[in-house]
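**Q** Take a look at start_21.pdb, PDB, C-alpha atoms and all ligand atoms:
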ATOM      1  CA  MET D   1     109.939 131.191 113.297
ATOM      2  CA  LYS D   2     113.673 131.782 113.572
ATOM      3  CA  ILE D   3     115.989 128.911 112.621
ATOM      4  CA  ALA D   4     117.915 129.440 115.876
ATOM      5  CA  ASP D   5     114.717 128.427 117.697
ATOM      6  CA  LEU D   6     114.016 125.555 115.294
ATOM      7  CA  TYR D   7     117.443 124.007 116.005
ATOM      8  CA  ALA D   8     116.916 124.529 119.740
ATOM      9  CA  ARG D   9     113.953 122.130 119.664
ATOM     10  CA  PRO D  10     114.686 118.497 120.536
ATOM     11  CA  GLY D  11     115.101 115.992 117.702
ATOM     12  CA  LEU D  12     116.487 116.078 114.194
ATOM     13  CA  THR D  13     115.788 119.302 112.264
ATOM     14  CA  LEU D  14     115.067 118.565 108.615
ATOM     15  CA  SER D  15     115.468 121.322 106.055
ATOM     16  CA  VAL D  16     115.169 121.315 102.280
ATOM     17  CA  GLU D  17     116.745 123.645  99.724
ATOM     18  CA  PHE D  18     115.012 124.815  96.537
ATOM     19  CA  PHE D  19     116.105 127.043  93.659
ATOM     20  CA  PRO D  20     113.863 129.617  91.952
ATOM     21  CA  PRO D  21     112.508 128.032  88.731
ATOM     22  CA  LYS D  22     113.007 129.977  85.498
ATOM     23  CA  THR D  23     109.460 129.536  84.160
ATOM     24  CA  ASP D  24     105.872 129.701  85.470
ATOM     25  CA  LYS D  25     105.487 125.987  84.681
ATOM     26  CA  GLY D  26     108.627 125.245  86.720
ATOM     27  CA  GLU D  27     107.202 127.250  89.624
ATOM     28  CA  GLU D  28     103.918 125.340  89.427
ATOM     29  CA  ASN D  29     105.859 122.039  89.525
ATOM     30  CA  LEU D  30     107.900 123.270  92.464
ATOM     31  CA  PHE D  31     104.773 123.981  94.501
ATOM     32  CA  SER D  32     103.472 120.461  93.917
ATOM     33  CA  GLU D  33     106.886 119.083  94.998
ATOM     34  CA  ILE D  34     106.708 121.268  98.124
ATOM     35  CA  THR D  35     103.282 119.764  98.924
ATOM     36  CA  ALA D  36     104.879 116.290  98.813
ATOM     37  CA  ILE D  37     107.920 117.407 100.828
ATOM     38  CA  LYS D  38     105.721 118.985 103.497
ATOM     39  CA  ARG D  39     104.475 115.478 104.364
ATOM     40  CA  LEU D  40     108.033 114.762 105.574
ATOM     41  CA  ASN D  41     107.532 117.499 108.150
ATOM     42  CA  PRO D  42     110.587 119.657 107.425
ATOM     43  CA  ALA D  43     111.249 122.402 109.970
ATOM     44  CA  PHE D  44     112.026 124.877 107.201
ATOM     45  CA  CYS D  45     113.168 125.229 103.637
ATOM     46  CA  SER D  46     115.628 127.600 101.984
ATOM     47  CA  VAL D  47     115.719 129.249  98.568
ATOM     48  CA  THR D  48     118.968 129.808  96.661
ATOM     49  CA  TYR D  49     120.229 133.083  95.233
ATOM     50  CA  GLY D  50     121.233 132.480  91.590
ATOM     51  CA  ALA D  51     124.895 132.442  90.564
ATOM     52  CA  GLY D  52     126.260 136.002  90.398
ATOM     53  CA  GLY D  53     123.214 137.267  92.336
ATOM     54  CA  SER D  54     121.064 136.624  89.270
ATOM     55  CA  THR D  55     117.741 135.747  90.965
ATOM     56  CA  ARG D  56     117.515 138.535  93.545
ATOM     57  CA  GLU D  57     113.821 139.435  93.060
ATOM     58  CA  LYS D  58     112.742 135.858  92.316
ATOM     59  CA  THR D  59     114.406 134.469  95.440
ATOM     60  CA  VAL D  60     112.771 136.979  97.759
ATOM     61  CA  ASP D  61     109.362 136.553  96.077
ATOM     62  CA  LEU D  62     109.592 132.766  96.272
ATOM     63  CA  VAL D  63     110.538 132.812  99.968
ATOM     64  CA  ASP D  64     107.598 135.123 100.570
ATOM     65  CA  ARG D  65     105.171 132.928  98.609
ATOM     66  CA  ILE D  66     106.288 129.681 100.305
ATOM     67  CA  ARG D  67     105.806 131.245 103.739
ATOM     68  CA  ARG D  68     102.376 132.614 102.819
ATOM     69  CA  ASP D  69     100.920 129.775 100.729
ATOM     70  CA  CYS D  70     102.559 126.641 102.125
ATOM     71  CA  ASP D  71     102.649 127.326 105.851
ATOM     72  CA  LEU D  72     106.356 126.416 105.756
ATOM     73  CA  GLU D  73     109.177 128.528 107.227
ATOM     74  CA  ALA D  74     111.590 129.654 104.521
ATOM     75  CA  MET D  75     115.128 131.048 104.712
ATOM     76  CA  CYS D  76     116.424 133.421 102.042
ATOM     77  CA  HIS D  77     119.947 132.886 100.645
ATOM     78  CA  LEU D  78     121.787 136.146 100.062
ATOM     79  CA  THR D  79     125.193 136.507  98.389
ATOM     80  CA  VAL D  80     128.000 139.045  98.277
ATOM     81  CA  ILE D  81     128.729 138.505  94.593
ATOM     82  CA  GLY D  82     126.993 140.499  91.871
ATOM     83  CA  GLN D  83     125.593 143.314  93.987
ATOM     84  CA  SER D  84     126.699 146.532  95.613
ATOM     85  CA  LYS D  85     126.519 147.094  99.359
ATOM     86  CA  ASP D  86     123.468 149.297  98.824
ATOM     87  CA  GLU D  87     121.717 146.583  96.799
ATOM     88  CA  ALA D  88     122.454 143.972  99.478
ATOM     89  CA  ARG D  89     121.172 146.378 102.139
ATOM     90  CA  SER D  90     117.980 146.987 100.205
ATOM     91  CA  VAL D  91     117.361 143.225  99.914
ATOM     92  CA  LEU D  92     117.801 142.882 103.680
ATOM     93  CA  LYS D  93     115.422 145.805 104.175
ATOM     94  CA  LYS D  94     112.842 144.165 101.940
ATOM     95  CA  LEU D  95     113.182 140.872 103.861
ATOM     96  CA  GLY D  96     112.580 142.734 107.109
ATOM     97  CA  GLN D  97     109.523 144.499 105.681
ATOM     98  CA  ARG D  98     108.057 141.184 104.565
ATOM     99  CA  GLY D  99     108.637 139.561 107.940
ATOM    100  CA  ILE D 100     111.290 137.142 106.615
ATOM    101  CA  GLU D 101     113.482 136.364 109.615
ATOM    102  CA  ASN D 102     116.022 133.861 108.296
ATOM    103  CA  VAL D 103     118.972 134.526 106.000
ATOM    104  CA  LEU D 104     121.796 132.301 104.731
ATOM    105  CA  ALA D 105     124.690 134.762 104.226
ATOM    106  CA  LEU D 106     127.072 133.597 101.494
ATOM    107  CA  GLY D 107     129.996 134.610  99.334
ATOM    108  CA  GLY D 108     128.137 133.294  96.299
ATOM    109  CA  ASP D 109     129.086 131.383  93.176
ATOM    110  CA  PRO D 110     130.148 133.259  90.031
ATOM    111  CA  PRO D 111     128.153 132.648  86.830
ATOM    112  CA  GLN D 112     129.351 129.458  85.106
ATOM    113  CA  GLY D 113     132.703 129.776  83.356
ATOM    114  CA  THR D 114     133.669 133.053  85.090
ATOM    115  CA  GLU D 115     136.048 133.848  87.930
ATOM    116  CA  TRP D 116     134.839 134.960  91.385
ATOM    117  CA  LYS D 117     135.347 138.675  91.811
ATOM    118  CA  PRO D 118     133.665 141.054  94.219
ATOM    119  CA  HIS D 119     131.384 143.836  92.995
ATOM    120  CA  PRO D 120     133.407 147.121  92.906
ATOM    121  CA  ASP D 121     131.022 148.675  95.467
ATOM    122  CA  GLY D 122     130.136 145.422  97.173
ATOM    123  CA  PHE D 123     131.080 143.426 100.253
ATOM    124  CA  HIS D 124     133.995 141.009  99.906
ATOM    125  CA  TYR D 125     133.162 138.102 102.168
ATOM    126  CA  ALA D 126     130.139 136.404 103.681
ATOM    127  CA  VAL D 127     131.159 137.682 107.119
ATOM    128  CA  ASP D 128     130.420 141.240 105.903
ATOM    129  CA  LEU D 129     126.850 140.184 105.077
ATOM    130  CA  VAL D 130     126.460 138.520 108.478
ATOM    131  CA  ARG D 131     127.490 141.802 110.140
ATOM    132  CA  GLU D 132     125.163 143.794 107.899
ATOM    133  CA  ALA D 133     122.181 141.486 108.540
ATOM    134  CA  LYS D 134     122.767 141.590 112.301
ATOM    135  CA  ALA D 135     123.133 145.389 112.229
ATOM    136  CA  GLN D 136     120.031 145.922 110.107
ATOM    137  CA  GLY D 137     117.475 143.687 111.685
ATOM    138  CA  ASP D 138     116.531 140.908 114.008
ATOM    139  CA  PHE D 139     117.559 138.110 111.603
ATOM    140  CA  SER D 140     118.627 134.568 112.388
ATOM    141  CA  VAL D 141     121.672 134.167 110.147
ATOM    142  CA  ALA D 142     123.110 130.885 108.871
ATOM    143  CA  VAL D 143     126.470 130.531 107.096
ATOM    144  CA  ALA D 144     128.212 127.962 104.896
ATOM    145  CA  GLY D 145     130.952 125.588 106.085
ATOM    146  CA  PHE D 146     133.272 123.431 103.964
ATOM    147  CA  PRO D 147     134.263 120.036 105.427
ATOM    148  CA  GLU D 148     136.578 119.430 102.451
ATOM    149  CA  VAL D 149     137.888 123.043 102.507
ATOM    150  CA  HIS D 150     136.595 125.840 100.282
ATOM    151  CA  PRO D 151     138.300 125.732  96.841
ATOM    152  CA  ARG D 152     139.571 129.343  97.144
ATOM    153  CA  ALA D 153     140.809 129.002 100.745
ATOM    154  CA  GLU D 154     144.443 129.854 101.456
ATOM    155  CA  SER D 155     144.603 126.827 103.773
ATOM    156  CA  ARG D 156     142.350 124.559 105.821
ATOM    157  CA  ALA D 157     143.350 126.415 108.989
ATOM    158  CA  SER D 158     142.478 129.840 107.527
ATOM    159  CA  ASP D 159     139.170 128.521 106.178
ATOM    160  CA  LEU D 160     138.240 127.368 109.705
ATOM    161  CA  GLN D 161     139.317 130.706 111.200
ATOM    162  CA  TYR D 162     137.159 132.633 108.707
ATOM    163  CA  LEU D 163     134.260 130.340 109.535
ATOM    164  CA  LYS D 164     134.722 131.150 113.221
ATOM    165  CA  LYS D 165     134.677 134.863 112.317
ATOM    166  CA  LYS D 166     131.247 134.405 110.710
ATOM    167  CA  VAL D 167     129.919 132.833 113.901
ATOM    168  CA  ASP D 168     131.590 135.511 116.056
ATOM    169  CA  ALA D 169     129.806 138.085 113.858
ATOM    170  CA  GLY D 170     126.455 136.567 114.831
ATOM    171  CA  ALA D 171     125.749 133.482 112.683
ATOM    172  CA  CYS D 172     123.707 130.934 114.630
ATOM    173  CA  VAL D 173     123.970 127.857 112.385
ATOM    174  CA  ILE D 174     126.555 126.380 109.987
ATOM    175  CA  ILE D 175     125.205 124.469 106.994
ATOM    176  CA  THR D 176     127.845 122.560 105.072
ATOM    177  CA  GLN D 177     128.623 122.108 101.425
ATOM    178  CA  LEU D 178     127.623 118.715 100.004
ATOM    179  CA  PHE D 179     129.968 115.779 100.619
ATOM    180  CA  TYR D 180     129.888 112.015 100.082
ATOM    181  CA  ASP D 181     132.661 110.969 102.456
ATOM    182  CA  ASN D 182     131.587 111.457 106.073
ATOM    183  CA  ASP D 183     135.100 111.293 107.553
ATOM    184  CA  PRO D 184     136.137 114.839 106.530
ATOM    185  CA  PHE D 185     132.812 116.059 108.000
ATOM    186  CA  TYR D 186     133.547 114.375 111.338
ATOM    187  CA  ARG D 187     137.056 115.942 111.410
ATOM    188  CA  PHE D 188     135.562 119.307 110.433
ATOM    189  CA  VAL D 189     133.089 119.203 113.344
ATOM    190  CA  GLU D 190     135.856 118.228 115.740
ATOM    191  CA  ASP D 191     138.147 121.056 114.562
ATOM    192  CA  VAL D 192     135.387 123.686 114.539
ATOM    193  CA  ARG D 193     134.504 122.714 118.116
ATOM    194  CA  LYS D 194     138.195 123.012 119.107
ATOM    195  CA  LEU D 195     137.970 126.681 118.033
ATOM    196  CA  GLY D 196     135.230 127.181 120.626
ATOM    197  CA  VAL D 197     132.402 127.369 118.080
ATOM    198  CA  SER D 198     129.293 125.788 119.566
ATOM    199  CA  VAL D 199     126.500 126.558 117.061
ATOM    200  CA  PRO D 200     124.759 123.633 115.292
ATOM    201  CA  ILE D 201     126.720 122.220 112.334
ATOM    202  CA  VAL D 202     124.287 120.768 109.825
ATOM    203  CA  PRO D 203     125.454 118.514 106.972
ATOM    204  CA  GLY D 204     124.305 119.385 103.456
ATOM    205  CA  VAL D 205     123.193 116.239 101.624
ATOM    206  CA  LEU D 206     122.676 115.963  97.875
ATOM    207  CA  PRO D 207     120.896 112.760  96.846
ATOM    208  CA  ILE D 208     122.436 111.845  93.479
ATOM    209  CA  LEU D 209     120.089 112.226  90.509
ATOM    210  CA  SER D 210     122.550 111.599  87.664
ATOM    211  CA  ALA D 211     126.160 110.445  87.383
ATOM    212  CA  PRO D 212     127.452 113.245  85.097
ATOM    213  CA  GLN D 213     125.635 115.858  87.198
ATOM    214  CA  VAL D 214     127.158 114.770  90.522
ATOM    215  CA  ARG D 215     130.628 114.647  88.901
ATOM    216  CA  ARG D 216     130.107 118.235  87.734
ATOM    217  CA  PHE D 217     128.877 119.432  91.151
ATOM    218  CA  THR D 218     131.650 117.735  93.122
ATOM    219  CA  ALA D 219     134.331 119.034  90.726
ATOM    220  CA  LEU D 220     133.011 122.588  91.222
ATOM    221  CA  CYS D 221     132.983 122.499  95.015
ATOM    222  CA  GLY D 222     135.990 120.230  95.589
ATOM    223  CA  ALA D 223     134.087 117.337  97.231
ATOM    224  CA  LYS D 224     135.515 113.867  96.721
ATOM    225  CA  LEU D 225     133.562 110.903  95.394
ATOM    226  CA  PRO D 226     134.660 107.832  97.395
ATOM    227  CA  ALA D 227     135.990 104.976  95.208
ATOM    228  CA  ALA D 228     133.089 102.634  96.083
ATOM    229  CA  LEU D 229     130.521 105.275  95.063
ATOM    230  CA  GLU D 230     132.492 106.107  91.913
ATOM    231  CA  LYS D 231     132.341 102.393  90.994
ATOM    232  CA  GLU D 232     128.537 102.357  91.443
ATOM    233  CA  LEU D 233     128.198 105.543  89.368
ATOM    234  CA  SER D 234     130.244 104.139  86.508
ATOM    235  CA  LYS D 235     127.569 101.411  86.124
ATOM    236  CA  VAL D 236     124.743 103.976  85.722
ATOM    237  CA  GLU D 237     126.508 106.543  83.563
ATOM    238  CA  GLU D 238     123.662 106.963  81.068
ATOM    239  CA  ASP D 239     120.734 105.726  83.138
ATOM    240  CA  ASP D 240     119.382 108.484  85.408
ATOM    241  CA  GLY D 241     116.633 106.202  86.794
ATOM    242  CA  ALA D 242     119.294 103.792  88.054
ATOM    243  CA  ALA D 243     121.457 106.714  89.266
ATOM    244  CA  VAL D 244     118.527 107.934  91.377
ATOM    245  CA  ARG D 245     118.289 104.468  92.978
ATOM    246  CA  VAL D 246     122.044 104.476  93.692
ATOM    247  CA  GLY D 247     121.628 107.975  95.156
ATOM    248  CA  ILE D 248     118.785 106.940  97.453
ATOM    249  CA  GLU D 249     120.708 103.940  98.767
ATOM    250  CA  TYR D 250     123.892 105.955  99.266
ATOM    251  CA  ALA D 251     122.170 108.903 100.958
ATOM    252  CA  THR D 252     120.239 106.541 103.236
ATOM    253  CA  ARG D 253     123.491 104.951 104.471
ATOM    254  CA  GLN D 254     125.254 108.322 104.653
ATOM    255  CA  CYS D 255     122.429 109.955 106.642
ATOM    256  CA  ALA D 256     122.065 106.962 108.982
ATOM    257  CA  ALA D 257     125.761 107.327 109.876
ATOM    258  CA  LEU D 258     125.426 111.103 110.304
ATOM    259  CA  ILE D 259     122.429 110.669 112.602
ATOM    260  CA  LYS D 260     124.397 108.083 114.634
ATOM    261  CA  PHE D 261     127.237 110.633 114.886
ATOM    262  CA  GLY D 262     124.711 113.043 116.417
ATOM    263  CA  VAL D 263     124.088 115.743 113.799
ATOM    264  CA  PRO D 264     121.431 118.295 114.830
ATOM    265  CA  GLY D 265     119.763 118.209 111.424
ATOM    266  CA  LEU D 266     119.986 117.279 107.764
ATOM    267  CA  HIS D 267     119.840 119.917 105.022
ATOM    268  CA  PHE D 268     118.800 118.332 101.722
ATOM    269  CA  PHE D 269     119.726 119.950  98.414
ATOM    270  CA  SER D 270     116.502 118.854  96.664
ATOM    271  CA  LEU D 271     117.113 120.316  93.181
ATOM    272  CA  ASN D 272     113.354 120.949  93.377
ATOM    273  CA  LYS D 273     112.510 117.221  93.378
ATOM    274  CA  SER D 274     110.781 115.346  96.188
ATOM    275  CA  CYS D 275     111.022 111.716  95.057
ATOM    276  CA  SER D 276     114.469 110.798  96.468
ATOM    277  CA  LEU D 277     113.828 112.701  99.718
ATOM    278  CA  GLN D 278     110.625 110.786 100.302
ATOM    279  CA  ALA D 279     112.407 107.451  99.785
ATOM    280  CA  ILE D 280     115.404 108.402 101.973
ATOM    281  CA  CYS D 281     113.212 109.647 104.846
ATOM    282  CA  LYS D 282     111.088 106.485 104.619
ATOM    283  CA  ASN D 283     114.227 104.286 104.705
ATOM    284  CA  LEU D 284     115.495 106.213 107.743
ATOM    285  CA  GLY D 285     112.134 105.974 109.508
ATOM    286  CA  LEU D 286     111.853 109.773 109.700
TER     287      LEU D 286
HETATM  288  P1  LIG D 301     133.089 133.235 102.439
HETATM  289  O1  LIG D 301     132.829 132.950 103.868
HETATM  290  O2  LIG D 301     133.173 134.650 102.020
HETATM  291  O3  LIG D 301     134.432 132.468 102.040
HETATM  292  C1  LIG D 301     134.860 132.405 100.687
HETATM  293  C2  LIG D 301     136.373 132.145 100.644
HETATM  294  O4  LIG D 301     137.084 133.271 101.159
HETATM  295  C3  LIG D 301     136.842 130.954 101.483
HETATM  296  O5  LIG D 301     137.909 130.370 100.789
HETATM  297  C4  LIG D 301     137.359 131.593 102.784
HETATM  298  O6  LIG D 301     138.372 130.814 103.385
HETATM  299  C5  LIG D 301     137.891 132.912 102.271
HETATM  300  N1  LIG D 301     137.754 134.034 103.220
HETATM  301  C6  LIG D 301     136.706 134.325 104.017
HETATM  302  N2  LIG D 301     136.922 135.461 104.707
HETATM  303  C7  LIG D 301     138.164 135.903 104.323
HETATM  304  C8  LIG D 301     138.966 137.029 104.671
HETATM  305  N3  LIG D 301     138.559 137.942 105.555
HETATM  306  N4  LIG D 301     140.193 137.157 104.072
HETATM  307  C9  LIG D 301     140.625 136.247 103.172
HETATM  308  N5  LIG D 301     139.905 135.150 102.816
HETATM  309  C10 LIG D 301     138.692 134.989 103.378
HETATM  310  N6  LIG D 301     126.111 130.146  96.124
HETATM  311  C11 LIG D 301     125.267 130.986  95.465
HETATM  312  O7  LIG D 301     125.681 131.735  94.559
HETATM  313  N7  LIG D 301     123.921 131.012  95.779
HETATM  314  C12 LIG D 301     123.397 130.223  96.750
HETATM  315  O8  LIG D 301     122.195 130.301  97.021
HETATM  316  C13 LIG D 301     124.251 129.327  97.447
HETATM  317  N8  LIG D 301     123.781 128.527  98.430
HETATM  318  C14 LIG D 301     124.643 127.749  99.147
HETATM  319  C15 LIG D 301     124.155 126.985 100.203
HETATM  320  C16 LIG D 301     125.017 126.211 100.983
HETATM  321  C17 LIG D 301     124.464 125.405 102.132
HETATM  322  C18 LIG D 301     126.417 126.194 100.686
HETATM  323  C19 LIG D 301     127.361 125.373 101.504
HETATM  324  C20 LIG D 301     126.917 126.934  99.627
HETATM  325  C21 LIG D 301     126.040 127.725  98.842
HETATM  326  N9  LIG D 301     126.498 128.508  97.791
HETATM  327  C22 LIG D 301     125.635 129.335  97.104
HETATM  328  C23 LIG D 301     127.912 128.457  97.386
HETATM  329  C24 LIG D 301     128.793 129.484  98.122
HETATM  330  O9  LIG D 301     128.257 130.785  97.998
HETATM  331  C25 LIG D 301     130.167 129.429  97.487
HETATM  332  O10 LIG D 301     130.764 128.192  97.744
HETATM  333  C26 LIG D 301     131.089 130.560  97.874
HETATM  334  O11 LIG D 301     132.225 130.503  97.025
HETATM  335  C27 LIG D 301     131.608 130.489  99.316
HETATM  336  O12 LIG D 301     130.700 130.986 100.137
HETATM  337  P2  LIG D 301     130.999 131.345 101.677
HETATM  338  O13 LIG D 301     129.722 131.849 102.164
HETATM  339  O14 LIG D 301     131.673 130.261 102.385
HETATM  340  O15 LIG D 301     132.037 132.564 101.467
END
Taking this structure as input, can you express it in the form of structure tokens?

**A**
Amino acid sequence: MKIADLYARPGLTLSVEFFPPKTDKGEENLFSEITAIKRLNPAFCSVTYGAGGSTREKTVDLVDRIRRDCDLEAMCHLTVIGQSKDEARSVLKKLGQRGIENVLALGGDPPQGTEWKPHPDGFHYAVDLVREAKAQGDFSVAVAGFPEVHPRAESRASDLQYLKKKVDAGACVIITQLFYDNDPFYRFVEDVRKLGVSVPIVPGVLPILSAPQVRRFTALCGAKLPAALEKELSKVEEDDGAAVRVGIEYATRQCAALIKFGVPGLHFFSLNKSCSLQAICKNLGL
């Protein structure tokens, strides 16, 4: 089913993001986590495309397998970086052939420690992929939004304009980068709406699993850690079990406020683990 139709249904649309595991054992573990996550009744899941386009085959195969074996709708991430236009086109063709209808069109992250640079024969921006996906097939296309502004953006205003361009090119949903301070998200929604963009804007939520890890992630994407959360994290620096508990409590409060604000859905970055999601959904009565 297309994500455009899933978000058109009444109620909160839950979605969960996975990454393709590197090993067979990791893939086995992922499928048992998916079994647990399915009990939360997510509308769909999504599968990331590795940094620099490194998991092309694996991502498509995993999306295919989840849809076939788990009776769960799955959206395929697809990035500009690390592939030529022809390679991106052939991935879209393969998705169409396999009946995969949902794509998250992205600029993509460079491999760790390297600078972002487009492939010499590739597309430059996510909007180019949106156009290509819409031209090639009957895809529902989601795009990324950045409540705290994309780190490479010229300005906040230009970042919002480029986001609007992605929607004008045919994107039907905006899923945001992770954030821990809801206020920039609320301002982001307000400003995107002022541009006349009416598609659902879905917050991306990362339940914290470890203090050093969340510091690394937020530094990479430019999200701020509010002082009160930073204080909690400093108490669990070397204790991941305790960090998970802090993460569950924080995400529960964060999501409750987002639901009160009226978000159409929640997109959880699961890091292939179900435990925190189960606790957060239980706390929220979902
Ligand atoms: P774009 O829309 O291309 O924007 C990138 C930058 O270019 C922004 O600063 C924008 O302001 C600017 N820009 C856009 N258009 C123009 C233009 N015409 N002229 C000048 N500047 C322009 N990364 C991965 O590698 N794999 C994944 O699977 C993945 N999944 C993600 C899932 C979600 C929900 C999110 C929010 C991000 C994900 N990312 C992933 C990270 C994302 O790919 C990076 O943050 C990337 O740097 C930006 O992607 P984008 O789609 O916003 O790119």

**Q** From the options D:Val246, D:Cys275, D:Ala223, D:Ala51, which residue's atoms come nearest to Gln83 of chain D, counting only C-alpha atoms?

**A** D:Ala51

**Q** Output the residue selection produced by the PyMOL selection byres (((chain D and resi 96) around 12) and not hetatm) on the file above, formatted as a list in words.

**A** Val60, Asp64, Cys76, Arg89, Ser90, Val91, Leu92, Lys93, Lys94, Leu95, Gln97, Arg98, Gly99, Ile100, Glu101, Asn102, Val103, Ala133, Lys134, Gln136, Gly137, Asp138, Phe139 and Ser140 of chain D

**Q** Using all atoms listed in the file, which residues of the polymer chains come no farther than 7 Å from ligand LIG 301 (chain D)? I'd like the answer as a PyMOL selection string.

**A** chain D and resi 47-53+77-79+105-110+124-127+143-146+150-154+158-159+162-163+175-178+204+221

**Q** Once the PyMOL selection byres (((chain D and resi 200) around 8) and not hetatm) is applied to the coordinates I shared, what remains selected? I want it as a count of residues only.

**A** 9

**Q** Using all atoms listed in the file, find the one residue out of D:Ile280, D:Val263, D:Ala256, D:Val80 that sits nearest to Val244 of chain D.

**A**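 Of all the options, D:Ile280 lies closest to Val244 of chain D.
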
**Q** Which of these, D:Asp183, D:Glu132, D:Glu190, D:Glu73, has the shortest distance to Ser15 of chain D once you count only C-alpha atoms?

**A**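 Of the candidates, the smallest distance to Ser15 of chain D is held by D:Glu73.
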
**Q** Applying 12 Å and only C-alpha atoms, which residues near Lys260 of chain D remain after dropping the ones on its own chain fewer than 3 positions away? List them as an mmCIF file with C-alpha atoms, in the frame of the given file.

**A**
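Saved the output as out.cif:
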data_model
loop_
_atom_site.group_PDB
_atom_site.id
_atom_site.type_symbol
_atom_site.label_atom_id
_atom_site.label_comp_id
_atom_site.auth_asym_id
_atom_site.auth_seq_id
_atom_site.Cartn_x
_atom_site.Cartn_y
_atom_site.Cartn_z
ATOM 1 C CA LEU D 12 116.487 116.078 114.194
ATOM 2 C CA ASN D 182 131.587 111.457 106.073
ATOM 3 C CA TYR D 186 133.547 114.375 111.338
ATOM 4 C CA ARG D 253 123.491 104.951 104.471
ATOM 5 C CA GLN D 254 125.254 108.322 104.653
ATOM 6 C CA CYS D 255 122.429 109.955 106.642
ATOM 7 C CA ALA D 256 122.065 106.962 108.982
ATOM 8 C CA ALA D 257 125.761 107.327 109.876
ATOM 9 C CA VAL D 263 124.088 115.743 113.799
ATOM 10 C CA PRO D 264 121.431 118.295 114.830
ATOM 11 C CA GLY D 265 119.763 118.209 111.424
ATOM 12 C CA LEU D 284 115.495 106.213 107.743
#

**Q** Evaluate the PyMOL selection byres (((chain D and resi 240) around 12) and not hetatm) against this structure - the residues, as a ChimeraX atom specification, please.

**A** /D:208-214,233-239,241-247

**Q** Please indicate the distance in Å from atom CA of Leu229 of chain D to atom CA of Tyr180 of chain D, rounded to one decimal place.

**A**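 Computing the Euclidean distance for atom CA of Leu229 of chain D and atom CA of Tyr180 of chain D yields 8.4 Å.
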
**Q** Go through D:His119, D:Pro20, D:Asp86, D:Ala142 and flag the residue nearest Lys2 of chain D, using all atoms listed in the file for the distances.

**A**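 Using all atoms listed in the file, the shortest distance to Lys2 of chain D belongs to D:Ala142.
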
**Q** Which one is closest to Met1 of chain D: D:Ser276, D:Leu129, D:Met75, D:Lys85? Count only C-alpha atoms.

**A**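 Going through D:Ser276, D:Leu129, D:Met75, D:Lys85 one by one, the smallest distance to Met1 of chain D is for D:Met75.
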
**Q** Point out the residue among D:Gly82, D:Gly170, D:Pro42, D:Pro207 with the least atom-to-atom distance to Ala4 of chain D, counting all atoms listed in the file.

**A**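 For Ala4 of chain D, the nearest of the candidates is D:Gly170.
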
**Q** May I ask for the distance between atom CA of Lys194 of chain D and atom CA of Val141 of chain D, given in Å to one decimal place?

**A**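 Here the two named atoms are 21.9 Å from each other.
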
**Q** Could you tell me how far atom CA of Ser32 of chain D sits from atom CA of Thr218 of chain D, in Å to one decimal place?

**A**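 Between atom CA of Thr218 of chain D and atom CA of Ser32 of chain D the gap is 28.3 Å.
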
**Q** Excluding same-chain residues fewer than 4 positions from Asn283 of chain D, what lies within 10 Å of it counting only C-alpha atoms, as JSON, numbers by chain?

**A** {"D": [248, 249, 251, 252, 253, 256, 277, 278, 279]}
